[in-house]
Every structure is written in C-alpha cells, then in structure tokens.
file model_24.txt (compact mmCIF, C-alpha atoms)
# COMPACT_ATOMS: atom_id res chain seq x y z
CA MET A 158 0.00 0.00 0.00
CA PRO A 159 1.45 3.44 -0.86
CA ILE A 160 2.33 5.96 1.84
CA LEU A 161 -0.72 8.20 2.23
CA THR A 162 0.14 11.91 1.95
CA ASP A 163 -1.63 15.26 1.71
CA SER A 164 -2.04 14.68 -2.03
CA SER A 165 -3.60 11.19 -1.68
CA VAL A 166 -7.15 10.57 -2.89
CA ALA A 167 -9.85 8.39 -1.36
CA SER A 168 -9.15 5.52 -3.75
CA ASP A 169 -5.58 5.23 -2.38
CA TRP A 170 -7.02 3.76 0.83
CA ILE A 171 -8.05 0.12 0.82
CA GLU A 172 -9.80 -1.25 3.89
CA PRO A 173 -7.27 -3.63 5.52
CA ASP A 174 -10.01 -6.10 6.46
CA ASP A 175 -10.67 -6.56 2.74
CA VAL A 176 -7.08 -7.58 2.00
CA ALA A 177 -6.50 -11.35 2.15
CA ARG A 178 -3.17 -11.18 3.96
CA PRO A 179 -2.48 -11.95 7.66
CA VAL A 180 -0.66 -8.61 8.09
CA VAL A 181 -1.46 -5.43 6.15
CA THR A 182 0.65 -2.31 6.59
CA TYR A 183 0.49 1.32 5.54
CA GLY A 184 2.01 4.70 6.32
CA VAL A 185 0.70 8.26 6.62
CA ALA A 186 2.74 11.43 6.19
CA SER A 187 1.05 14.83 6.48
CA ASN A 188 2.79 18.19 6.73
CA LYS A 189 -0.42 20.01 7.60
CA VAL A 190 -0.40 21.37 11.15
CA GLY A 191 -3.87 20.73 12.47
CA THR A 192 -6.16 18.07 13.87
CA ILE A 193 -7.35 14.83 12.29
CA GLU A 194 -10.25 13.01 13.94
CA LEU A 195 -11.78 9.62 13.14
CA ASP A 196 -15.07 8.75 14.85
CA MET A 197 -15.74 5.44 16.59
CA HIS A 198 -15.05 2.48 14.30
CA CYS A 199 -13.52 -1.00 14.46
CA HIS A 200 -11.61 -3.51 12.36
CA ALA A 201 -11.71 -7.29 12.22
CA LYS A 202 -7.91 -7.18 12.30
CA GLY A 203 -5.95 -5.97 15.32
CA GLN A 204 -3.94 -2.79 14.75
CA ILE A 205 -0.68 -1.28 15.93
CA MET A 206 -0.19 2.43 15.20
CA LEU A 207 3.30 3.90 15.48
CA VAL A 208 3.61 7.68 15.75
CA GLN A 209 6.90 8.92 14.33
CA ARG A 210 5.98 12.61 14.23
CA GLY A 211 3.09 14.41 15.90
CA ALA A 212 0.84 13.09 18.67
CA LEU A 213 -2.12 10.75 18.68
CA SER A 214 -4.80 9.90 21.20
CA CYS A 215 -7.00 6.82 21.05
CA ARG A 216 -10.27 6.54 22.92
CA VAL A 217 -11.60 3.06 23.51
CA GLU A 218 -14.58 2.18 25.66
CA GLY A 219 -13.23 2.26 29.20
CA GLY A 220 -10.00 4.10 28.46
CA LEU A 221 -8.00 6.82 26.78
CA TRP A 222 -4.48 6.29 25.43
CA ILE A 223 -1.98 9.01 24.46
CA VAL A 224 0.67 8.02 21.90
CA PRO A 225 3.78 10.26 21.87
CA PRO A 226 6.43 10.16 19.11
CA ARG A 227 8.40 6.89 18.86
CA SER A 228 5.65 5.01 20.71
CA ALA A 229 2.65 3.05 19.50
CA VAL A 230 -0.82 1.93 20.52
CA TRP A 231 -2.17 -1.58 20.05
CA ILE A 232 -5.91 -1.95 19.39
CA PRO A 233 -7.19 -5.55 19.44
CA SER A 234 -9.56 -7.02 16.90
CA GLY A 235 -13.13 -5.72 17.11
CA ALA A 236 -12.42 -2.94 19.61
CA LEU A 237 -14.44 0.21 18.98
CA HIS A 238 -12.08 3.19 18.98
CA ALA A 239 -11.82 6.84 17.97
CA ILE A 240 -8.60 8.53 16.87
CA LYS A 241 -7.43 12.12 17.23
CA ALA A 242 -4.08 13.26 15.81
CA THR A 243 -2.51 16.68 16.38
CA GLY A 244 0.36 18.48 14.67
CA SER A 245 2.02 17.44 11.42
CA LEU A 246 1.74 13.66 11.41
CA GLU A 247 3.90 10.77 10.31
CA GLY A 248 2.72 7.34 11.33
CA TYR A 249 2.83 3.67 10.37
CA SER A 250 0.27 0.95 11.04
CA ALA A 251 0.09 -2.79 10.77
CA PHE A 252 -3.26 -4.60 10.78
CA VAL A 253 -2.96 -8.17 12.07
CA ALA A 254 -5.45 -11.00 11.60
CA ALA A 255 -7.12 -11.87 14.90
CA ASP A 256 -6.08 -15.54 14.92
CA ILE A 257 -2.50 -15.17 13.65
CA ASP A 258 -0.56 -14.88 16.92
CA SER A 259 -1.80 -15.70 20.43
CA ARG A 260 1.09 -13.74 22.00
CA LEU A 261 -0.35 -10.38 20.99
CA PRO A 262 -2.14 -8.29 23.64
CA GLN A 263 -5.82 -8.97 24.17
CA ARG A 264 -6.51 -5.45 25.41
CA CYS A 265 -5.75 -1.99 24.11
CA CYS A 266 -2.37 -0.70 25.35
CA SER A 267 0.40 1.75 24.49
CA VAL A 268 3.78 0.18 23.82
CA SER A 269 7.38 1.32 23.58
CA VAL A 270 8.78 0.75 20.10
CA THR A 271 12.24 -0.80 19.69
CA PRO A 272 14.46 0.45 16.84
CA LEU A 273 13.98 -2.91 15.12
CA LEU A 274 10.17 -2.79 15.34
CA ARG A 275 10.24 0.79 14.03
CA GLU A 276 12.38 -0.18 11.03
CA LEU A 277 10.20 -3.21 10.34
CA LEU A 278 7.10 -1.02 10.22
CA PHE A 279 8.87 1.47 7.91
CA ARG A 280 9.92 -1.34 5.57
CA ALA A 281 6.60 -3.18 5.68
CA ALA A 282 4.69 0.00 4.75
CA SER A 283 6.47 0.04 1.38
CA LEU A 284 5.62 -3.56 0.45
CA PRO A 285 3.08 -4.44 -2.25
CA LEU A 286 -0.39 -4.76 -0.79
CA PHE A 287 -0.65 -8.38 -1.95
CA TYR A 288 2.88 -9.47 -1.15
CA ASP A 289 4.06 -13.03 -1.79
CA GLU A 290 3.06 -15.11 1.24
CA ASP A 291 5.84 -17.65 0.62
CA GLY A 292 8.77 -15.28 0.13
CA ALA A 293 11.04 -12.86 1.98
CA ASN A 294 8.25 -10.36 2.62
CA SER A 295 6.27 -12.97 4.51
CA ARG A 296 9.33 -13.69 6.69
CA LEU A 297 9.71 -9.98 7.37
CA MET A 298 6.11 -9.90 8.61
CA ALA A 299 6.84 -12.84 10.92
CA VAL A 300 9.74 -10.93 12.51
CA LEU A 301 7.48 -7.87 12.86
CA LEU A 302 4.99 -10.00 14.82
CA ASP A 303 7.81 -11.32 17.05
CA GLU A 304 8.89 -7.76 17.89
CA LEU A 305 5.33 -6.61 18.50
CA ALA A 306 4.70 -9.51 20.88
CA ALA A 307 7.84 -8.59 22.84
CA ALA A 308 7.07 -4.84 23.05
CA THR A 309 7.03 -3.23 26.51
CA VAL A 310 3.74 -1.70 27.68
CA GLU A 311 3.94 2.00 28.65
CA ASP A 312 1.89 3.73 31.37
CA LEU A 313 0.04 6.24 29.21
CA HIS A 314 -3.43 4.90 29.83
CA LEU A 315 -6.24 6.79 31.54
CA PRO A 316 -9.15 4.60 32.73
CA MET A 317 -12.43 6.24 31.76
CA PRO A 318 -15.44 5.84 34.08
CA ALA A 319 -18.78 4.66 32.75
CA ASP A 320 -20.97 6.48 35.28
CA PRO A 321 -22.62 9.39 33.40
CA ARG A 322 -22.00 11.83 36.26
CA LEU A 323 -18.30 11.02 36.23
CA ARG A 324 -18.13 11.17 32.42
CA ALA A 325 -19.62 14.67 32.54
CA LEU A 326 -17.02 15.62 35.15
CA VAL A 327 -14.23 14.14 33.02
CA ASP A 328 -15.37 16.28 30.08
CA LEU A 329 -15.23 19.38 32.30
CA MET A 330 -11.74 18.51 33.51
CA MET A 331 -10.41 17.85 30.02
CA ALA A 332 -11.92 21.11 28.75
CA ALA A 333 -10.34 23.11 31.59
CA PRO A 334 -7.14 21.27 32.63
CA ALA A 335 -5.76 24.38 34.39
CA GLU A 336 -8.69 24.39 36.84
CA ARG A 337 -7.23 23.53 40.25
CA SER A 338 -10.48 23.02 42.18
CA SER A 339 -10.41 20.96 45.35
CA LEU A 340 -12.03 17.55 45.67
CA GLU A 341 -14.97 19.31 47.31
CA GLY A 342 -15.25 21.73 44.38
CA TRP A 343 -15.20 19.00 41.74
CA ALA A 344 -17.74 16.92 43.72
CA LYS A 345 -20.15 19.86 43.79
CA ARG A 346 -19.79 20.36 40.04
CA ALA A 347 -20.67 16.69 39.54
CA GLY A 348 -23.64 16.92 41.89
CA LEU A 349 -22.05 14.42 44.28
CA SER A 350 -20.79 14.34 47.81
CA GLU A 351 -17.04 14.07 48.31
CA ARG A 352 -17.46 10.58 49.72
CA THR A 353 -19.53 9.42 46.73
CA LEU A 354 -17.06 10.89 44.23
CA VAL A 355 -14.13 9.14 45.92
CA ARG A 356 -16.01 5.85 46.01
CA LEU A 357 -17.17 6.01 42.39
CA ILE A 358 -13.84 7.05 40.88
CA GLY A 359 -12.07 4.31 42.82
CA ARG A 360 -14.58 1.66 41.79
CA GLU A 361 -14.61 2.59 38.11
CA THR A 362 -10.97 3.48 37.48
CA GLY A 363 -9.01 1.68 40.20
CA MET A 364 -7.36 5.00 41.12
CA SER A 365 -7.80 7.66 43.74
CA PHE A 366 -9.25 10.94 42.48
CA GLY A 367 -5.88 12.68 42.92
CA ARG A 368 -3.98 9.94 41.07
CA TRP A 369 -6.49 9.89 38.22
CA ARG A 370 -6.32 13.65 37.87
CA GLN A 371 -2.51 13.56 37.88
CA GLN A 372 -2.48 10.88 35.17
CA LEU A 373 -4.77 13.03 33.04
CA GLY A 374 -2.33 15.92 33.42
CA VAL A 375 0.64 13.78 32.35
CA MET A 376 -1.17 12.50 29.28
CA LEU A 377 -2.21 15.98 28.20
CA ALA A 378 1.35 17.18 28.79
CA VAL A 379 2.80 14.47 26.54
CA GLN A 380 0.29 15.31 23.83
CA TRP A 381 1.00 19.06 23.97
CA LEU A 382 4.78 18.63 24.12
CA ALA A 383 4.64 16.37 21.07
CA GLY A 384 2.68 19.10 19.30
CA GLY A 385 5.52 21.56 19.88
CA ALA A 386 4.47 23.34 23.09
CA SER A 387 7.24 24.40 25.48
CA ILE A 388 7.55 22.95 28.98
CA GLN A 389 6.77 26.40 30.38
CA GLN A 390 3.57 26.63 28.32
CA VAL A 391 2.43 23.14 29.28
CA ALA A 392 3.03 23.84 32.98
CA ALA A 393 0.92 27.00 32.71
CA ASP A 394 -1.85 25.30 30.74
CA LEU A 395 -2.09 22.61 33.42
CA GLY A 396 -2.41 25.24 36.15
CA TYR A 397 0.99 24.80 37.82
CA GLU A 398 2.35 27.88 39.55
CA SER A 399 5.93 26.98 38.61
CA VAL A 400 7.76 24.86 36.05
CA PRO A 401 9.72 22.91 38.72
CA SER A 402 6.53 21.69 40.38
CA PHE A 403 5.22 20.43 37.03
CA VAL A 404 8.55 18.75 36.19
CA THR A 405 8.55 17.04 39.61
CA MET A 406 5.06 15.65 39.04
CA PHE A 407 5.98 14.45 35.55
CA ARG A 408 9.16 12.76 36.77
CA LYS A 409 7.32 10.98 39.60
CA THR A 410 4.76 9.62 37.15
CA LEU A 411 6.93 8.61 34.17
CA GLY A 412 10.33 8.28 35.81
CA THR A 413 12.06 11.07 33.88
CA SER A 414 11.74 14.79 33.17
CA PRO A 415 9.47 16.00 30.35
CA GLY A 416 12.41 17.36 28.38
CA ARG A 417 14.33 14.08 28.50
CA TYR A 418 11.19 12.04 27.87
CA MET A 419 10.51 13.90 24.63
CA ALA A 420 14.18 14.05 23.61
CA GLU A 421 14.46 10.26 23.83
CA ARG A 422 11.42 9.84 21.56
CA TYR A 423 11.70 12.79 19.27
CA SER A 424 15.31 13.87 18.84
CA GLY A 425 14.43 15.55 15.57
CA ARG A 426 12.49 18.15 17.51
CA GLY A 427 15.71 19.24 19.23
CA ALA A 428 14.24 19.01 22.72
CA THR A 429 16.56 19.87 25.56
CA ALA A 430 16.73 17.34 28.38
CA ARG A 431 16.24 18.70 31.87
call {"tool": "encode", "arguments": {"input": "model_24.txt", "output": "structure tokens"}}
result
Amino acid sequence: MPILTDSSVASDWIEPDDVARPVVTYGVASNKVGTIELDMHCHAKGQIMLVQRGALSCRVEGGLWIVPPRSAVWIPSGALHAIKATGSLEGYSAFVAADIDSRLPQRCCSVSVTPLLRELLFRAASLPLFYDEDGANSRLMAVLLDELAAATVEDLHLPMPADPRLRALVDLMMAAPAERSSLEGWAKRAGLSERTLVRLIGRETGMSFGRWRQQLGVMLAVQWLAGGASIQQVAADLGYESVPSFVTMFRKTLGTSPGRYMAERYSGRGATAR
C-alpha cells in the first residue's frame, strides 16, 4: 500500500479487512499542522499504530491512550475506537489477523517501540499490498509479529469511568485542565458528595481521584509537548504555579523529566533534556 500523503485521494485507501493477507501495513505522512479526527469504528484485524511525528490519542470504551512520538498503541480485533491526531503527522500501522498470533495483547495498550520494530514497520509499509506469502516479505512480517509480541507496555493509559456523572465531570476537567479546584469543588460540580465521588472514581478506574487527575495531566502534557508546546507553556496550561513543580510531578509519574522524555522519543524536535 502506498504511503498516504496530503495529495492522496480516497481511492488510495483500501480497507485492511478486505485484503486477504495476515498482516497489512500502511504509512501516513502529512505536513499540515492541524487536527485529524476519526469517529468510533472498528476492524476485524488488530492494529498497531506507530507515531513517528506528531501526537495521537486513542479513545476506547473504558480508556484513553496518548501516543507520543516513537511510541505506539495496540488496538485488538473488534475494539471500537476513535482517533485524534494533532500536529504534522507521520505514522505507520500494521493490521494483524485476529487468529494469527496468540502472544499479541488482548486489550488496548500503548507500547514502547524498539528500533527494530520501528524499522520493520517502515519497511513493511512500502511492500506491495498483496505481497508473496511464501517469500522474503512474509518472513519480514513474521519478525514484525515477534517484535510486537515482545514490546514493553507503557503507562500512558487513563481509565475512563462509565458512570454518566463522572463522564460529565471528566469532560469538564479535560476542557479546563488548568482548573485547580479541590475535591470538594469537583464533587459539587458533579452533583455528588465528596465521599460518593471518591467511592465512584475508585470503583470505576481503580485509582484515587488525585492519582487519576494527575495521570490526566501527564497524558495531556505528553500530547502538547509532542505538538511543539514548550515545557513552560504546558506547565501553565495545566495550572501549575511553577515549572519545577510540574517537572517534579511528571518525573514521579513517568520516571524522567518532560524534556528528556521527549528528547528520547523525538530527537528531531531538538528538545533539551532537563
């Protein structure tokens, strides 16, 4: 399948589920700085999406995943999902038949991409759509599956509650991430008591309210940084009074500073490690 670009037409896209191959790959390269959104949909094949440039978020029932540069998200067969990409985008995907490899994740997850897996996805995206299943290309796909099965899961997942009162509160928090209301303030906005809010968020997400809110902040930070925002701007947009306090929170959550985290994944951006 050809690499899809800003000049591609609708006929350049062929639905991967309609291609009689166990693994179908493609690439996307867009220099337009903006937002691309795909509404809820699903595929019979599982899908890994690698983001090489830009940032991508994936909403699946029960969760939200943020995919920074040099990372990927795995979406299992049949999972309803919506995609939102920001910034100029370069990405590569492989669609994998549901019954081809039992080692692949059964749930949606974000994964760290090894250099080998990255190069395999680059190479596979340039193969003929109906590649020879008995030749070298088929062996390349087998190695790609081995690397995907061995990929390390990253902690960029935000459990999403099903309770409608909590979903309304989540929407408010995502629309105003700089709002630093107390637990009492957020409970009132949701029409709940503090005790009920704590109980519901724990039951539906497995996290405390404070931990869930912090995870939301980290995921938004990764998305904005990947889109080109400065650390200072991200700290301000998340409502932090100082950059050091934001950096401390980020380091506690992901184990490294935001500057180093992005530099390791997106050296082409020229990020400065802190």
call {"tool": "residues_around", "arguments": {"input": "model_24.txt", "residues": "Ser245 of chain A", "least_positions_apart": "4", "cutoff": "6 Å", "atoms": "all atoms listed in the file", "output": "list in words"}}
result
Ser187, Asn188, Lys189, Val190 and Gly211 of chain A
call {"tool": "residues_around", "arguments": {"input": "model_24.txt", "residues": "segment 369-386 of chain A", "least_positions_apart": "4", "cutoff": "10 Å", "atoms": "all atoms listed in the file", "output": "PyMOL selection string"}}
result
chain A and resi 190-191+210-214+221-226+242-246+312-317+327+330-331+334-335+358-359+362-365+390-392+394-396+403+406-408+410-411+415-416+418-419+422-423+426+428
call {"tool": "write_last_selection", "arguments": {"input": "model_24.txt", "atoms": "C-alpha atoms", "output": "PDB file, in the coordinates of the input"}}
result
ATOM      1  CA  VAL A 190      -0.400  21.370  11.150  1.00  0.00           C
ATOM      2  CA  GLY A 191      -3.870  20.730  12.470  1.00  0.00           C
ATOM      3  CA  ARG A 210       5.980  12.610  14.230  1.00  0.00           C
ATOM      4  CA  GLY A 211       3.090  14.410  15.900  1.00  0.00           C
ATOM      5  CA  ALA A 212       0.840  13.090  18.670  1.00  0.00           C
ATOM      6  CA  LEU A 213      -2.120  10.750  18.680  1.00  0.00           C
ATOM      7  CA  SER A 214      -4.800   9.900  21.200  1.00  0.00           C
ATOM      8  CA  LEU A 221      -8.000   6.820  26.780  1.00  0.00           C
ATOM      9  CA  TRP A 222      -4.480   6.290  25.430  1.00  0.00           C
ATOM     10  CA  ILE A 223      -1.980   9.010  24.460  1.00  0.00           C
ATOM     11  CA  VAL A 224       0.670   8.020  21.900  1.00  0.00           C
ATOM     12  CA  PRO A 225       3.780  10.260  21.870  1.00  0.00           C
ATOM     13  CA  PRO A 226       6.430  10.160  19.110  1.00  0.00           C
ATOM     14  CA  ALA A 242      -4.080  13.260  15.810  1.00  0.00           C
ATOM     15  CA  THR A 243      -2.510  16.680  16.380  1.00  0.00           C
ATOM     16  CA  GLY A 244       0.360  18.480  14.670  1.00  0.00           C
ATOM     17  CA  SER A 245       2.020  17.440  11.420  1.00  0.00           C
ATOM     18  CA  LEU A 246       1.740  13.660  11.410  1.00  0.00           C
ATOM     19  CA  ASP A 312       1.890   3.730  31.370  1.00  0.00           C
ATOM     20  CA  LEU A 313       0.040   6.240  29.210  1.00  0.00           C
ATOM     21  CA  HIS A 314      -3.430   4.900  29.830  1.00  0.00           C
ATOM     22  CA  LEU A 315      -6.240   6.790  31.540  1.00  0.00           C
ATOM     23  CA  PRO A 316      -9.150   4.600  32.730  1.00  0.00           C
ATOM     24  CA  MET A 317     -12.430   6.240  31.760  1.00  0.00           C
ATOM     25  CA  VAL A 327     -14.230  14.140  33.020  1.00  0.00           C
ATOM     26  CA  MET A 330     -11.740  18.510  33.510  1.00  0.00           C
ATOM     27  CA  MET A 331     -10.410  17.850  30.020  1.00  0.00           C
ATOM     28  CA  PRO A 334      -7.140  21.270  32.630  1.00  0.00           C
ATOM     29  CA  ALA A 335      -5.760  24.380  34.390  1.00  0.00           C
ATOM     30  CA  ILE A 358     -13.840   7.050  40.880  1.00  0.00           C
ATOM     31  CA  GLY A 359     -12.070   4.310  42.820  1.00  0.00           C
ATOM     32  CA  THR A 362     -10.970   3.480  37.480  1.00  0.00           C
ATOM     33  CA  GLY A 363      -9.010   1.680  40.200  1.00  0.00           C
ATOM     34  CA  MET A 364      -7.360   5.000  41.120  1.00  0.00           C
ATOM     35  CA  SER A 365      -7.800   7.660  43.740  1.00  0.00           C
ATOM     36  CA  GLN A 390       3.570  26.630  28.320  1.00  0.00           C
ATOM     37  CA  VAL A 391       2.430  23.140  29.280  1.00  0.00           C
ATOM     38  CA  ALA A 392       3.030  23.840  32.980  1.00  0.00           C
ATOM     39  CA  ASP A 394      -1.850  25.300  30.740  1.00  0.00           C
ATOM     40  CA  LEU A 395      -2.090  22.610  33.420  1.00  0.00           C
ATOM     41  CA  GLY A 396      -2.410  25.240  36.150  1.00  0.00           C
ATOM     42  CA  PHE A 403       5.220  20.430  37.030  1.00  0.00           C
ATOM     43  CA  MET A 406       5.060  15.650  39.040  1.00  0.00           C
ATOM     44  CA  PHE A 407       5.980  14.450  35.550  1.00  0.00           C
ATOM     45  CA  ARG A 408       9.160  12.760  36.770  1.00  0.00           C
ATOM     46  CA  THR A 410       4.760   9.620  37.150  1.00  0.00           C
ATOM     47  CA  LEU A 411       6.930   8.610  34.170  1.00  0.00           C
ATOM     48  CA  PRO A 415       9.470  16.000  30.350  1.00  0.00           C
ATOM     49  CA  GLY A 416      12.410  17.360  28.380  1.00  0.00           C
ATOM     50  CA  TYR A 418      11.190  12.040  27.870  1.00  0.00           C
ATOM     51  CA  MET A 419      10.510  13.900  24.630  1.00  0.00           C
ATOM     52  CA  ARG A 422      11.420   9.840  21.560  1.00  0.00           C
ATOM     53  CA  TYR A 423      11.700  12.790  19.270  1.00  0.00           C
ATOM     54  CA  ARG A 426      12.490  18.150  17.510  1.00  0.00           C
ATOM     55  CA  ALA A 428      14.240  19.010  22.720  1.00  0.00           C
TER      56      ALA A 428
END
call {"tool": "residues_around", "arguments": {"input": "model_24.txt", "residues": "Arg264 of chain A", "least_positions_apart": "6", "cutoff": "8 Å", "atoms": "all atoms listed in the file", "output": "JSON list (two decimals) with C-alpha atoms, keeping the file's coordinate frame"}}
result
[["chain", "number", "residue", "atom", "x", "y", "z"],
["A", 231, "TRP", "CA", -2.17, -1.58, 20.05],
["A", 232, "ILE", "CA", -5.91, -1.95, 19.39],
["A", 233, "PRO", "CA", -7.19, -5.55, 19.44]]
call {"tool": "atom_distance", "arguments": {"input": "model_24.txt", "atom1": "atom CA of Leu161 of chain A", "atom2": "atom CA of Met197 of chain A"}}
result
21.0 Å
call {"tool": "residues_near_point", "arguments": {"input": "model_24.txt", "point": "(6.1, -6.7, 23.0)", "cutoff": "9 Å", "atoms": "only C-alpha atoms", "output": "VMD selection string"}}
result
chain A and resid 260 to 262 268 to 270 302 to 310
call {"tool": "write_last_selection", "arguments": {"input": "model_24.txt", "atoms": "C-alpha atoms", "output": "CSV table (one decimal), in the coordinates of the input"}}
result
chain,number,residue,atom,x,y,z
A,260,ARG,CA,1.1,-13.7,22.0
A,261,LEU,CA,-0.4,-10.4,21.0
A,262,PRO,CA,-2.1,-8.3,23.6
A,268,VAL,CA,3.8,0.2,23.8
A,269,SER,CA,7.4,1.3,23.6
A,270,VAL,CA,8.8,0.8,20.1
A,302,LEU,CA,5.0,-10.0,14.8
A,303,ASP,CA,7.8,-11.3,17.0
A,304,GLU,CA,8.9,-7.8,17.9
A,305,LEU,CA,5.3,-6.6,18.5
A,306,ALA,CA,4.7,-9.5,20.9
A,307,ALA,CA,7.8,-8.6,22.8
A,308,ALA,CA,7.1,-4.8,23.0
A,309,THR,CA,7.0,-3.2,26.5
A,310,VAL,CA,3.7,-1.7,27.7
call {"tool": "atom_distance", "arguments": {"input": "model_24.txt", "atom1": "atom CA of Asp174 of chain A", "atom2": "atom CA of Glu290 of chain A"}}
result
16.7 Å
call {"tool": "axis_aligned_box", "arguments": {"input": "model_24.txt", "around": "segment 354-365 of chain A", "padding_each_side": "8 Å", "output": "JSON"}}
result
{"center_x": -12.3, "center_y": 6.3, "center_z": 41.7, "size_x": 25.8, "size_y": 25.2, "size_z": 24.5}
call {"tool": "closest_residue", "arguments": {"input": "model_24.txt", "among": "A:Asp328, A:Asp258, A:Glu172, A:Glu421", "to": "Leu286 of chain A", "atoms": "all atoms listed in the file"}}
result
A:Glu172
call {"tool": "atom_distance", "arguments": {"input": "model_24.txt", "atom1": "atom CA of Tyr288 of chain A", "atom2": "atom CA of His200 of chain A"}}
result
20.7 Å
call {"tool": "closest_residue", "arguments": {"input": "model_24.txt", "among": "A:Ala319, A:Arg178, A:Leu349, A:Ser414", "to": "Asp291 of chain A", "atoms": "all atoms listed in the file"}}
result
A:Arg178
